[in-house]
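Just upload-v6.txt here, compact mmCIF, C-alpha atoms:
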# COMPACT_ATOMS: atom_id res chain seq x y z
CA MET T 1 0.00 0.00 0.00
CA LYS T 2 1.29 3.44 -0.87
CA ILE T 3 0.92 6.16 1.75
CA ILE T 4 1.92 9.82 1.58
CA ILE T 5 3.31 11.71 4.57
CA SER T 6 3.63 15.50 4.78
CA ALA T 7 7.22 16.20 5.79
CA GLN T 8 9.55 19.06 6.66
CA GLY T 9 12.53 17.45 4.91
CA ASN T 10 13.23 15.16 2.00
CA ASP T 11 14.00 11.86 3.72
CA ILE T 12 12.28 9.27 5.83
CA ASP T 13 13.91 10.49 9.03
CA SER T 14 12.59 14.04 8.55
CA LEU T 15 9.97 15.39 10.91
CA THR T 16 6.39 15.19 9.76
CA ASP T 17 4.88 18.54 8.83
CA PRO T 18 1.63 19.57 10.54
CA ARG T 19 0.61 21.34 7.31
CA PHE T 20 -0.63 19.28 4.38
CA GLY T 21 -0.92 21.60 1.39
CA ARG T 22 1.96 23.82 2.45
CA CYS T 23 4.39 21.14 3.62
CA ARG T 24 7.85 21.21 2.03
CA TYR T 25 7.79 17.58 0.89
CA LEU T 26 5.34 14.79 0.31
CA ILE T 27 7.05 11.50 1.04
CA ALA T 28 5.56 8.44 -0.62
CA VAL T 29 6.16 5.18 1.22
CA GLU T 30 5.31 1.71 -0.03
CA THR T 31 4.36 -0.08 3.18
CA THR T 32 5.02 -3.60 1.89
CA SER T 33 8.58 -2.95 0.73
CA GLY T 34 9.55 0.09 2.79
CA GLU T 35 10.71 1.90 -0.34
CA TRP T 36 10.17 5.65 -0.25
CA HIS T 37 10.51 8.69 -2.48
CA ALA T 38 10.38 12.41 -1.62
CA HIS T 39 8.30 14.70 -3.81
CA ASP T 40 9.09 18.41 -3.63
CA ASN T 41 6.04 20.46 -2.62
CA GLN T 42 7.75 23.82 -2.11
CA ASP T 43 5.91 25.49 -4.99
CA ASN T 44 2.65 24.77 -3.16
CA ALA T 45 4.15 25.92 0.14
CA ALA T 46 4.68 29.39 -1.36
CA ALA T 47 1.38 29.57 -3.27
CA SER T 48 -1.10 32.32 -2.41
CA GLY T 49 -4.00 29.86 -2.61
CA GLY T 50 -4.99 26.39 -3.72
CA ALA T 51 -2.10 24.62 -1.97
CA GLY T 52 -4.31 21.96 -0.40
CA VAL T 53 -6.06 21.13 -3.66
CA GLU T 54 -2.77 20.94 -5.57
CA ALA T 55 -1.19 18.70 -2.94
CA SER T 56 -4.31 16.52 -2.90
CA ASN T 57 -4.26 16.19 -6.68
CA ARG T 58 -0.62 15.13 -6.47
CA VAL T 59 -1.47 12.50 -3.85
CA VAL T 60 -4.20 11.17 -6.15
CA SER T 61 -1.83 11.08 -9.15
CA LEU T 62 0.75 9.17 -7.10
CA GLY T 63 -1.83 6.46 -6.40
CA ALA T 64 -1.83 6.76 -2.62
CA ALA T 65 -4.33 4.89 -0.47
CA ALA T 66 -3.73 7.03 2.62
CA VAL T 67 -2.22 10.30 3.83
CA ILE T 68 -0.54 11.04 7.15
CA THR T 69 -0.39 14.70 8.14
CA GLY T 70 -1.10 17.02 11.04
CA ASN T 71 -3.95 19.15 9.72
CA LEU T 72 -6.19 19.23 6.69
CA GLY T 73 -8.14 22.11 5.18
CA PRO T 74 -11.64 21.87 3.72
CA ASN T 75 -10.69 21.89 0.03
CA ALA T 76 -8.00 19.24 0.46
CA ALA T 77 -10.41 17.15 2.54
CA ARG T 78 -13.00 17.25 -0.27
CA VAL T 79 -10.50 16.14 -2.94
CA LEU T 80 -9.10 13.30 -0.83
CA ASP T 81 -12.57 12.17 0.25
CA ALA T 82 -13.78 12.11 -3.37
CA ALA T 83 -10.76 9.95 -4.26
CA HIS T 84 -11.46 7.61 -1.29
CA ILE T 85 -8.07 8.35 0.27
CA ALA T 86 -8.02 7.92 4.05
CA VAL T 87 -6.30 10.60 6.14
CA TYR T 88 -4.56 10.05 9.48
CA ARG T 89 -3.08 12.44 12.04
CA ALA T 90 0.66 12.27 12.64
CA GLU T 91 1.85 12.57 16.21
CA ASN T 92 3.40 15.99 16.87
CA GLY T 93 7.20 15.72 16.61
CA ALA T 94 7.19 12.30 14.91
CA THR T 95 9.51 11.47 12.05
CA VAL T 96 8.15 10.09 8.80
CA ARG T 97 9.60 6.69 9.75
CA GLU T 98 7.82 6.80 13.13
CA ALA T 99 4.54 7.85 11.50
CA VAL T 100 4.75 4.94 9.06
CA ALA T 101 5.40 2.51 11.93
CA ALA T 102 2.45 3.92 13.88
CA PHE T 103 0.25 3.59 10.80
CA ALA T 104 1.30 -0.04 10.34
CA ALA T 105 0.41 -0.73 13.99
CA ASP T 106 -3.03 0.95 13.60
CA GLY T 107 -1.87 3.60 16.06
CA LEU T 108 -2.95 6.77 14.25
CA GLU T 109 -6.16 8.73 14.63
CA ARG T 110 -8.22 8.95 11.45
CA ILE T 111 -9.17 12.44 10.25
CA ASP T 112 -12.68 12.38 8.77
CA ALA T 113 -13.26 16.13 8.43
CA PRO T 114 -11.22 19.31 7.93
CA THR T 115 -9.20 20.26 11.00
CA VAL T 116 -8.42 23.87 10.00
CA GLN T 117 -9.89 26.66 7.87
CA GLY T 118 -8.41 27.25 4.42
CA HIS T 119 -5.06 29.07 3.99
CA TRP T 120 -3.66 27.72 7.27
CA MET T 121 0.01 28.60 7.66
As structure tokens - that is how I would like this structure written.
Amino acid sequence: MKIIISAQGNDIDSLTDPRFGRCRYLIAVETTSGEWHAHDNQDNAAASGGAGVEASNRVVSLGAAAVITGNLGPNAARVLDAAHIAVYRAENGATVREAVAAFAADGLERIDAPTVQGHWM
């Protein structure tokens, strides 16, 4: 299963980012093999609007089944919900590797609705 984690850096030992649309990187992890790849999201991070939708569209295009992040705005939530992509809350201060391990152990809270208003920085 492919999952996407919002991250502050470009490797699996980076801290998760509490922002989804405006995170610096989206890290795709294949849970069965452990293989991962960082996708630069810095253009969205600097966008004046639409960052959540753009990041969500990228997640959809990458074929993810789930997202791990800290917060999710209403527009991103709509796109991910329409694509049937589950969203989970990362523990504050967790690394991407730790978030993936918590996900595998069913230890993450599911996010079923937006957690912030749009344009959250």
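Atom CA of T:Val60 sits 21.7 Å away from atom CA of T:Gln117.
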Quick one: of T:Glu30, T:Asp81, T:Glu91, T:Asp13, who's nearest to T:Leu62, counting all atoms listed in the file?
T:Glu30
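Computed from the coordinates, the atom CA of T:Gly50 to atom CA of T:Cys23 distance equals 13.0 Å.
Among the candidate residues T:Leu26, T:Val87, T:Ala101, T:Leu72, the one lying nearest to T:Pro114 is T:Leu72, with distances computed using only C-alpha atoms.
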Close residues, T:Ala28 itself excluded, 7 Å, all atoms listed in the file, min 6 positions apart in chain, as a PDB file with C-alpha atoms, keeping the file's coordinate frame:
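Output contents, as saved in result30.pdb:
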ATOM      1  CA  LYS T   2       1.290   3.440  -0.870  1.00  0.00           C
ATOM      2  CA  ILE T   3       0.920   6.160   1.750  1.00  0.00           C
ATOM      3  CA  ILE T   4       1.920   9.820   1.580  1.00  0.00           C
ATOM      4  CA  ILE T   5       3.310  11.710   4.570  1.00  0.00           C
ATOM      5  CA  TRP T  36      10.170   5.650  -0.250  1.00  0.00           C
ATOM      6  CA  HIS T  37      10.510   8.690  -2.480  1.00  0.00           C
ATOM      7  CA  ALA T  38      10.380  12.410  -1.620  1.00  0.00           C
TER       8      ALA T  38
END
Which residues are close to T:Asp11, i.e. within 12 Å by only C-alpha atoms, leaving aside same-chain residues fewer than 4 positions away? Reply as a PyMOL selection string.
chain T and resi 5-7+15-16+24-29+35-40+95-97
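Between T:Leu80 and the candidates T:Ser61, T:Ser14, T:Ser33, T:Gln8, the tightest atom-to-atom separation, counting all atoms listed in the file, involves T:Ser61.
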Mind listing as a ChimeraX atom specification all residues within 7 Å of (0.0, 18.3, 6.1), counting only C-alpha atoms?
/T:6,17-23,69-72
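Taking only C-alpha atoms into account, T:Ile12 lies nearest to T:Gly34 out of the set T:Gly63, T:Gly93, T:Gly52, T:Gly34.
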